[in-house]
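> Handing over run.cif, mmCIF, C-alpha atoms and all ligand atoms.
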data_protein
#
loop_
_atom_site.label_atom_id
_atom_site.label_comp_id
_atom_site.auth_asym_id
_atom_site.auth_seq_id
_atom_site.Cartn_x
_atom_site.Cartn_y
_atom_site.Cartn_z
CA ASP A 15 94.40 -5.81 -35.37
CA ALA A 16 93.54 -3.90 -32.19
CA ALA A 17 91.01 -1.59 -33.87
CA GLN A 18 89.10 -4.59 -35.22
CA TRP A 19 89.17 -6.27 -31.81
CA GLU A 20 87.74 -3.08 -30.33
CA GLU A 21 84.85 -3.20 -32.82
CA ILE A 22 84.18 -6.82 -31.93
CA ALA A 23 84.27 -6.02 -28.20
CA VAL A 24 81.91 -3.08 -28.66
CA ASP A 25 79.35 -5.04 -30.70
CA ILE A 26 79.33 -8.01 -28.36
CA ALA A 27 79.26 -5.84 -25.21
CA ARG A 28 76.15 -4.09 -26.54
CA GLU A 29 74.37 -7.32 -27.32
CA ALA A 30 75.40 -8.88 -24.00
CA GLY A 31 74.34 -5.76 -22.11
CA ALA A 32 70.94 -5.80 -23.76
CA LEU A 33 70.48 -9.39 -22.64
CA ALA A 34 71.53 -8.51 -19.07
CA ARG A 35 69.08 -5.58 -19.05
CA ARG A 36 66.23 -7.81 -20.30
CA ARG A 37 66.96 -10.47 -17.69
CA ARG A 38 67.11 -7.77 -15.01
CA ALA A 39 63.67 -6.50 -16.02
CA GLU A 40 62.29 -10.03 -15.72
CA GLY A 41 63.62 -10.30 -12.14
CA VAL A 42 66.87 -11.82 -10.93
CA ALA A 43 67.51 -14.54 -8.39
CA VAL A 44 70.88 -15.33 -6.86
CA ALA A 45 71.80 -18.74 -8.27
CA ALA A 46 74.69 -19.49 -5.91
CA THR A 47 77.14 -17.96 -3.51
CA LYS A 48 80.75 -18.67 -4.46
CA SER A 49 83.64 -17.94 -2.07
CA THR A 50 81.68 -15.84 0.48
CA LEU A 51 78.22 -14.32 1.03
CA ALA A 52 79.10 -11.28 -1.10
CA ASP A 53 80.50 -13.41 -3.93
CA ILE A 54 77.38 -14.36 -5.85
CA VAL A 55 76.41 -15.51 -9.30
CA THR A 56 73.02 -15.22 -10.98
CA ASP A 57 71.66 -17.23 -13.91
CA ALA A 58 72.05 -14.04 -15.94
CA ASP A 59 75.84 -13.94 -15.31
CA ARG A 60 76.14 -17.42 -16.80
CA GLU A 61 73.78 -16.78 -19.67
CA VAL A 62 75.47 -13.51 -20.63
CA GLU A 63 78.92 -15.13 -20.46
CA GLN A 64 77.72 -17.95 -22.71
CA LEU A 65 76.43 -15.44 -25.25
CA ILE A 66 79.78 -13.62 -25.26
CA ARG A 67 81.67 -16.90 -25.59
CA ASP A 68 79.50 -18.05 -28.49
CA ARG A 69 79.82 -14.75 -30.35
CA LEU A 70 83.60 -14.69 -29.90
CA ALA A 71 83.94 -18.34 -30.95
CA ALA A 72 82.04 -17.53 -34.15
CA VAL A 73 84.26 -14.59 -35.21
CA ARG A 74 87.56 -15.45 -33.48
CA PRO A 75 87.68 -19.27 -33.23
CA ASP A 76 91.43 -19.46 -32.52
CA ASP A 77 91.50 -16.99 -29.61
CA GLY A 78 91.63 -17.91 -25.94
CA PHE A 79 88.91 -17.07 -23.45
CA LEU A 80 89.18 -16.16 -19.77
CA GLY A 81 85.84 -15.40 -18.13
CA GLU A 82 84.53 -15.07 -14.60
CA GLU A 83 81.91 -17.79 -14.84
CA SER A 84 83.44 -20.59 -16.92
CA ASP A 85 86.63 -22.61 -17.40
CA PRO A 86 89.48 -20.83 -19.20
CA GLN A 87 89.99 -21.87 -22.79
CA PRO A 88 93.52 -21.44 -24.15
CA GLY A 89 93.76 -20.32 -27.77
CA THR A 90 96.35 -20.68 -30.52
CA SER A 91 96.32 -17.14 -32.00
CA GLY A 92 98.08 -15.33 -29.13
CA VAL A 93 94.93 -13.30 -28.38
CA THR A 94 92.84 -13.94 -25.27
CA TRP A 95 89.48 -12.39 -24.44
CA VAL A 96 89.16 -11.50 -20.77
CA VAL A 97 85.50 -11.16 -19.86
CA ASP A 98 83.31 -10.24 -16.92
CA PRO A 99 79.75 -10.80 -18.19
CA ILE A 100 78.20 -8.83 -15.33
CA ASP A 101 80.65 -6.84 -13.24
CA GLY A 102 78.83 -5.56 -10.16
CA THR A 103 76.74 -8.68 -9.70
CA VAL A 104 75.63 -7.70 -6.20
CA ASN A 105 74.26 -4.41 -7.55
CA TYR A 106 72.63 -6.31 -10.40
CA ALA A 107 70.95 -8.77 -8.07
CA TYR A 108 69.65 -5.95 -5.86
CA GLY A 109 68.36 -3.85 -8.75
CA ILE A 110 71.01 -1.14 -8.46
CA PRO A 111 71.89 0.05 -11.98
CA GLN A 112 75.67 0.21 -11.45
CA TYR A 113 76.72 -2.94 -13.31
CA ALA A 114 78.56 -3.49 -16.58
CA VAL A 115 79.69 -5.92 -19.24
CA SER A 116 83.50 -5.87 -19.44
CA ILE A 117 85.36 -7.30 -22.46
CA ALA A 118 89.09 -6.99 -23.19
CA ALA A 119 91.37 -8.49 -25.82
CA VAL A 120 94.91 -9.10 -24.58
CA THR A 121 98.02 -10.50 -26.22
CA GLY A 122 100.83 -12.48 -24.64
CA GLU A 123 100.34 -14.80 -21.74
CA ALA A 124 96.87 -14.35 -20.27
CA THR A 125 97.95 -12.99 -16.89
CA PRO A 126 97.97 -9.33 -15.83
CA GLU A 127 101.71 -9.52 -15.03
CA THR A 128 102.62 -10.14 -18.65
CA TRP A 129 99.70 -9.44 -20.95
CA ALA A 130 99.38 -6.38 -23.17
CA ALA A 131 95.78 -5.17 -23.31
CA GLN A 132 94.91 -4.33 -26.92
CA ALA A 133 91.21 -3.51 -26.98
CA ALA A 134 88.44 -2.92 -24.47
CA ALA A 135 84.74 -2.30 -24.11
CA VAL A 136 82.91 -1.57 -20.86
CA TYR A 137 79.16 -1.24 -21.34
CA SER A 138 76.79 0.08 -18.69
CA PRO A 139 73.40 -1.18 -19.93
CA ALA A 140 71.22 0.67 -17.43
CA VAL A 141 72.35 4.07 -18.72
CA ASP A 142 73.44 2.90 -22.19
CA GLU A 143 77.02 4.15 -21.84
CA LEU A 144 79.67 2.40 -23.90
CA PHE A 145 83.32 3.04 -22.98
CA HIS A 146 85.82 1.68 -25.48
CA ALA A 147 89.47 1.84 -26.48
CA HIS A 148 92.19 0.16 -28.46
CA ARG A 149 95.90 0.44 -27.80
CA GLY A 150 97.18 3.73 -29.19
CA GLY A 151 93.73 4.89 -30.26
CA GLY A 152 92.59 6.83 -27.20
CA ALA A 153 89.68 6.07 -24.86
CA TRP A 154 86.14 6.98 -25.81
CA LEU A 155 82.64 7.23 -24.40
CA GLY A 156 80.59 6.77 -27.54
CA ASP A 157 82.28 9.28 -29.87
CA GLN A 158 83.56 11.54 -27.11
CA ARG A 159 87.30 11.36 -26.37
CA LEU A 160 88.14 10.79 -22.69
CA ARG A 161 90.88 12.33 -20.54
CA VAL A 162 91.70 11.57 -16.93
CA SER A 163 91.38 14.44 -14.45
CA THR A 164 94.28 16.70 -13.58
CA VAL A 165 93.71 16.70 -9.81
CA THR A 166 97.09 16.18 -8.23
CA ASP A 167 96.61 16.00 -4.50
CA ALA A 168 94.05 16.79 -1.79
CA GLY A 169 90.53 17.30 -3.02
CA ALA A 170 90.32 14.13 -5.08
CA LEU A 171 87.10 12.23 -5.56
CA LEU A 172 88.27 8.68 -4.88
CA ALA A 173 86.60 5.31 -5.30
CA THR A 174 87.39 1.94 -3.81
CA GLY A 175 85.94 -1.51 -3.25
CA PHE A 176 85.98 -4.10 -0.50
CA GLY A 177 87.18 -7.63 -1.08
CA TYR A 178 84.71 -10.48 -0.79
CA ASP A 179 86.83 -12.14 1.89
CA PRO A 180 85.81 -10.75 5.32
CA ALA A 181 89.34 -11.46 6.58
CA THR A 182 90.56 -8.58 4.40
CA HIS A 183 88.11 -5.97 5.63
CA ASP A 184 90.27 -4.57 8.45
CA GLY A 185 93.03 -3.92 5.93
CA ASP A 186 90.59 -2.39 3.44
CA LEU A 187 89.23 -0.01 6.07
CA ALA A 188 92.69 0.96 7.32
CA ARG A 189 93.64 1.86 3.74
CA VAL A 190 90.50 3.93 3.32
CA ARG A 191 91.39 5.85 6.46
CA ARG A 192 94.89 6.57 5.14
CA MET A 193 93.61 7.62 1.72
CA MET A 194 91.13 10.12 3.12
CA VAL A 195 93.88 12.76 3.38
CA LEU A 196 93.73 12.97 -0.41
CA ALA A 197 89.96 12.79 -0.65
CA ARG A 198 87.22 15.30 -1.15
CA ASP A 199 84.90 12.30 -0.83
CA LEU A 200 84.89 8.54 -1.38
CA ARG A 201 82.67 6.19 -3.40
CA ARG A 202 82.13 2.44 -3.16
CA ALA A 203 79.87 2.01 -6.15
CA GLY A 204 80.29 -1.75 -6.62
CA ALA A 205 81.55 -2.34 -10.17
CA ALA A 206 85.32 -2.16 -10.66
CA SER A 207 85.14 -1.92 -14.46
CA LEU A 208 82.97 1.19 -14.16
CA ASP A 209 85.18 2.68 -11.43
CA LEU A 210 88.05 2.42 -13.91
CA ALA A 211 85.96 3.74 -16.81
CA TYR A 212 84.98 6.71 -14.66
CA VAL A 213 88.63 7.44 -13.86
CA ALA A 214 89.26 7.42 -17.62
CA ALA A 215 86.37 9.85 -18.07
CA GLY A 216 87.52 12.19 -15.27
CA ARG A 217 84.34 11.46 -13.30
CA LEU A 218 86.55 10.07 -10.55
CA ASP A 219 90.04 11.34 -9.80
CA GLY A 220 91.41 8.06 -8.48
CA TYR A 221 90.51 4.47 -7.67
CA PHE A 222 92.14 1.79 -5.54
CA GLU A 223 91.13 -1.72 -4.57
CA ARG A 224 92.74 -4.90 -3.27
CA GLY A 225 91.69 -8.33 -4.45
CA LEU A 226 90.57 -7.74 -8.04
CA LYS A 227 90.42 -10.61 -10.51
CA PRO A 228 91.83 -10.24 -14.06
CA TRP A 229 88.37 -9.79 -15.63
CA ASP A 230 87.52 -6.98 -13.18
CA HIS A 231 90.30 -4.70 -14.44
CA ALA A 232 91.48 -5.89 -17.88
CA ALA A 233 89.21 -3.64 -19.95
CA GLY A 234 88.98 -0.73 -17.51
CA ALA A 235 92.75 -0.47 -17.14
CA LEU A 236 93.21 0.05 -20.89
CA LEU A 237 90.55 2.78 -20.82
CA VAL A 238 92.53 4.59 -18.11
CA THR A 239 95.91 4.38 -19.84
CA GLU A 240 94.40 5.40 -23.19
CA ALA A 241 92.86 8.40 -21.42
CA GLY A 242 96.31 9.51 -20.26
CA GLY A 243 96.19 7.92 -16.81
CA VAL A 244 98.28 5.38 -14.97
CA VAL A 245 97.26 1.97 -13.64
CA GLY A 246 99.46 -0.14 -11.43
CA GLY A 247 99.74 -2.31 -8.38
CA ARG A 248 102.14 -2.06 -5.49
CA PRO A 249 105.53 -0.56 -6.42
CA GLY A 250 107.05 -2.80 -9.05
CA SER A 251 104.01 -4.99 -9.57
CA ALA A 252 101.16 -5.22 -12.04
CA PRO A 253 97.60 -4.27 -11.13
CA GLY A 254 95.64 -7.16 -9.73
CA ALA A 255 95.04 -9.21 -6.63
CA GLU A 256 97.52 -7.36 -4.40
CA MET A 257 96.39 -3.87 -5.34
CA THR A 258 94.98 -1.95 -8.27
CA ILE A 259 95.49 1.82 -8.39
CA ALA A 260 94.28 4.09 -11.19
CA ALA A 261 94.58 7.87 -11.48
CA GLY A 262 96.09 10.70 -13.46
CA PRO A 263 99.91 10.76 -13.71
CA GLU A 264 100.37 13.16 -10.80
CA LEU A 265 97.87 11.73 -8.36
CA PHE A 266 98.92 8.13 -9.01
CA PRO A 267 102.30 8.27 -7.20
CA ARG A 268 100.72 10.06 -4.23
CA MET A 269 98.11 7.33 -3.94
CA ARG A 270 100.65 4.55 -4.32
CA GLU A 271 102.91 6.06 -1.66
CA LEU A 272 100.04 6.29 0.84
CA LEU A 273 98.72 2.82 0.04
CA ASP A 274 102.15 1.37 0.57
CA ALA A 275 102.79 3.18 3.87
C1 LIG A 301 83.16 -7.22 -8.27
C2 LIG A 301 82.89 -5.74 -8.43
C3 LIG A 301 83.14 -5.01 -7.13
C4 LIG A 301 84.52 -5.23 -6.61
C5 LIG A 301 84.82 -6.71 -6.49
C6 LIG A 301 84.57 -7.40 -7.82
P1 LIG A 301 81.76 -9.01 -9.74
O1 LIG A 301 82.98 -7.92 -9.49
O2 LIG A 301 83.71 -5.21 -9.44
O3 LIG A 301 83.01 -3.60 -7.29
O4 LIG A 301 84.63 -4.60 -5.35
O5 LIG A 301 86.16 -6.82 -6.13
O6 LIG A 301 84.84 -8.77 -7.70
O7 LIG A 301 82.04 -10.14 -8.81
O8 LIG A 301 80.51 -8.30 -9.43
O9 LIG A 301 81.91 -9.38 -11.16
#
Can the structure from this file be put into structure tokens for me?
Ligand code: IPD

Amino acid sequence: DAAQWEEIAVDIAREAGALARRRRAEGVAVAATKSTLADIVTDADREVEQLIRDRLAAVRPDDGFLGEESDPQPGTSGVTWVVDPIDGTVNYAYGIPQYAVSIAAVTGEATPETWAAQAAAVYSPAVDELFHAHRGGGAWLGDQRLRVSTVTDAGALLATGFGYDPATHDGDLARVRRMMVLARDLRRAGAASLDLAYVAAGRLDGYFERGLKPWDHAAGALLVTEAGGVVGGRPGSAPGAEMTIAAGPELFPRMRELLDA
């Protein structure tokens, strides 16, 4: 059940994060650019994803797998693992410690529109912080229970990200300008899973970003909802490519209204 999946996610995220940290210490080269200059992959991304895949295949052979760096593998159990081996790859490649291993277990069809996230682990190896949750069990940083902040309006510490496609940058910047009426200050830290984990922890009041992939938000979104927050997309749609918004229950509608204006 979901609590067991959480344990599996936590154990594997720790082991995968330790590998990422070791590879980082040995030096990292960009292996390839993908869609654009900012969309990169390193050998470590692939190696860490392979480790996660192998570990999951050993304990959960009938589950599906959806990861950033390899072909999706449908399962037969109704459970799919949605994995970003190194979220924040640009930071990782540049030696900035803001990167994370993100692992979620979801049930139902493996798309954000329909899946139900059941368990999540987001591990930040550089500072050894492990955020985890299972559905109905609350969100945790280690053994500390997390709650989203209660900021409702102006004075929010917001975070965002910029899509890898330069064609979207004008829109991203226009949204930032609109959102600043709510903001005390704004962060673009470079790892969506950690942005979401920080909203869960009340370290950020709100987060918004266009263009996320399923593995960027699957685990972090469950952390936010289990910490009493709300995650969504544009009105009536799921979080994901069009828009991902995360905040406490009072700030969320304010953000969504402004983002949609
Ligand atoms: C990226 C990071 C970044 C966000 C991008 C993501 P990756 O993930 O989360 O903060 O702005 O949208 O794609 O490519 O480093 O795994």
> Name the closest residue to Ala153 of chain A among the candidates A:Gly81, A:Gly89, A:Pro253, A:Gly216; distances are taken between atoms, counting all atoms listed in the file.
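Answer, going by the shortest atom-to-atom distance: A:Gly216.
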> So, counting all atoms listed in the file, which residue among A:Gly109, A:Pro75, A:Gly177, A:Gly220 is closest to ligand LIG 301 (chain A)?
A:Gly177
> Counting all atoms listed in the file, I want the residues whose atoms come within 12 Å of (88.7, -5.5, 4.1) in the file frame, returned as a list in words.
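Within 12 Å of (88.7, -5.5, 4.1), the protein and nucleic acid residues are Thr174, Gly175, Phe176, Gly177, Tyr178, Asp179, Pro180, Ala181, Thr182, His183, Asp184, Gly185, Asp186, Leu187, Ala188, Arg189, Val190, Arg191, Glu223, Arg224 and Gly225 of chain A.
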> Using only C-alpha atoms, determine which residues lie at most 6 Å from segment 138-151 of chain A, disregarding the query and same-chain residues fewer than 5 positions distant; provide the list as a list in words.
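So, after excluding close chain neighbours, the residues are Ala16, Ala17, Glu20, Gly31, Pro111, Ala114, Gln132, Ala133, Gly156 and Leu237 of chain A.
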> So how far away is atom CA of Leu171 of chain A from atom CA of Tyr221 of chain A, in Å?
8.7 Å
> Which one is closest to Arg192 of chain A: A:Leu273, A:Ala206, A:Val238, A:Ile100? Count only C-alpha atoms.
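The answer is A:Leu273, which sits nearest to Arg192 of chain A.
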> Mind running chain A against ligand LIG 301 (chain A) at 9 Å and telling me each contacting residue's nearest atom pair with the distance in Å (one decimal), counting all atoms listed in the file, chain and number ascending, as a Markdown table?

| residue | atom | partner | partner_atom | distance |
| --- | --- | --- | --- | --- |
| A:Ala52 | CA | A:LIG301 | O7 | 8.3 |
| A:Asp53 | CA | A:LIG301 | O7 | 6.1 |
| A:Ile54 | CA | A:LIG301 | O7 | 6.9 |
| A:Val55 | CA | A:LIG301 | O7 | 7.8 |
| A:Asp59 | CA | A:LIG301 | O9 | 8.7 |
| A:Glu82 | CA | A:LIG301 | O9 | 7.1 |
| A:Asp98 | CA | A:LIG301 | O9 | 6.0 |
| A:Pro99 | CA | A:LIG301 | O9 | 7.5 |
| A:Ile100 | CA | A:LIG301 | O9 | 5.6 |
| A:Asp101 | CA | A:LIG301 | O9 | 3.5 |
| A:Gly102 | CA | A:LIG301 | O8 | 3.3 |
| A:Thr103 | CA | A:LIG301 | O8 | 3.8 |
| A:Val104 | CA | A:LIG301 | O8 | 5.9 |
| A:Asn105 | CA | A:LIG301 | O8 | 7.6 |
| A:Tyr106 | CA | A:LIG301 | O8 | 8.2 |
| A:Tyr113 | CA | A:LIG301 | O8 | 7.6 |
| A:Ala114 | CA | A:LIG301 | O9 | 8.7 |
| A:Thr174 | CA | A:LIG301 | O4 | 7.3 |
| A:Gly175 | CA | A:LIG301 | O4 | 4.0 |
| A:Phe176 | CA | A:LIG301 | O4 | 5.1 |
| A:Gly177 | CA | A:LIG301 | O5 | 5.2 |
| A:Tyr178 | CA | A:LIG301 | O5 | 6.6 |
| A:Arg202 | CA | A:LIG301 | O3 | 7.4 |
| A:Ala203 | CA | A:LIG301 | O3 | 6.5 |
| A:Gly204 | CA | A:LIG301 | O3 | 3.4 |
| A:Ala205 | CA | A:LIG301 | O3 | 3.5 |
| A:Ala206 | CA | A:LIG301 | O2 | 3.7 |
| A:Ser207 | CA | A:LIG301 | O2 | 6.2 |
| A:Leu208 | CA | A:LIG301 | O2 | 8.0 |
| A:Asp209 | CA | A:LIG301 | O3 | 7.8 |
| A:Glu223 | CA | A:LIG301 | O4 | 7.2 |
| A:Arg224 | CA | A:LIG301 | O5 | 7.4 |
| A:Gly225 | CA | A:LIG301 | O5 | 6.0 |
| A:Leu226 | CA | A:LIG301 | O5 | 4.9 |
| A:Lys227 | CA | A:LIG301 | O6 | 6.5 |
| A:Trp229 | CA | A:LIG301 | O9 | 7.9 |
| A:Asp230 | CA | A:LIG301 | O2 | 5.6 |
| A:His231 | CA | A:LIG301 | O2 | 8.3 |
> For the atom pair atom CA of Trp154 of chain A and atom CA of Ala135 of chain A, what is the interatomic distance in Å to one decimal place?
9.5 Å
> In Å, with one decimal, what is the gap from atom CA of Ala261 of chain A to atom CA of Gly152 of chain A?
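Here the two named atoms are 15.9 Å from each other.
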> Given all atoms listed in the file as the basis, pick out the residue of A:Ile117, A:Gly41, A:Gln18, A:Asp167 nearest to Leu236 of chain A.
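Residue with the minimum atom-to-atom distance to Leu236 of chain A: A:Ile117.
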> Tell me which protein, DNA and RNA residues are within 10 Å of Arg217 of chain A, counting only C-alpha atoms, leaving out same-chain ones fewer than 4 positions away, and put them as a ChimeraX atom specification.
/A:161-163,171-172,209-213
> Taking all atoms listed in the file into account, name the residue in A:Arg201, A:Arg159, A:Arg248, A:Arg28 that is nearest to Leu65 of chain A.
A:Arg28
> For a quick check of understanding, using all atoms listed in the file, which of A:Ala168, A:Met257, A:Val244, A:Val136 has the smallest distance to Ala27 of chain A?
A:Val136
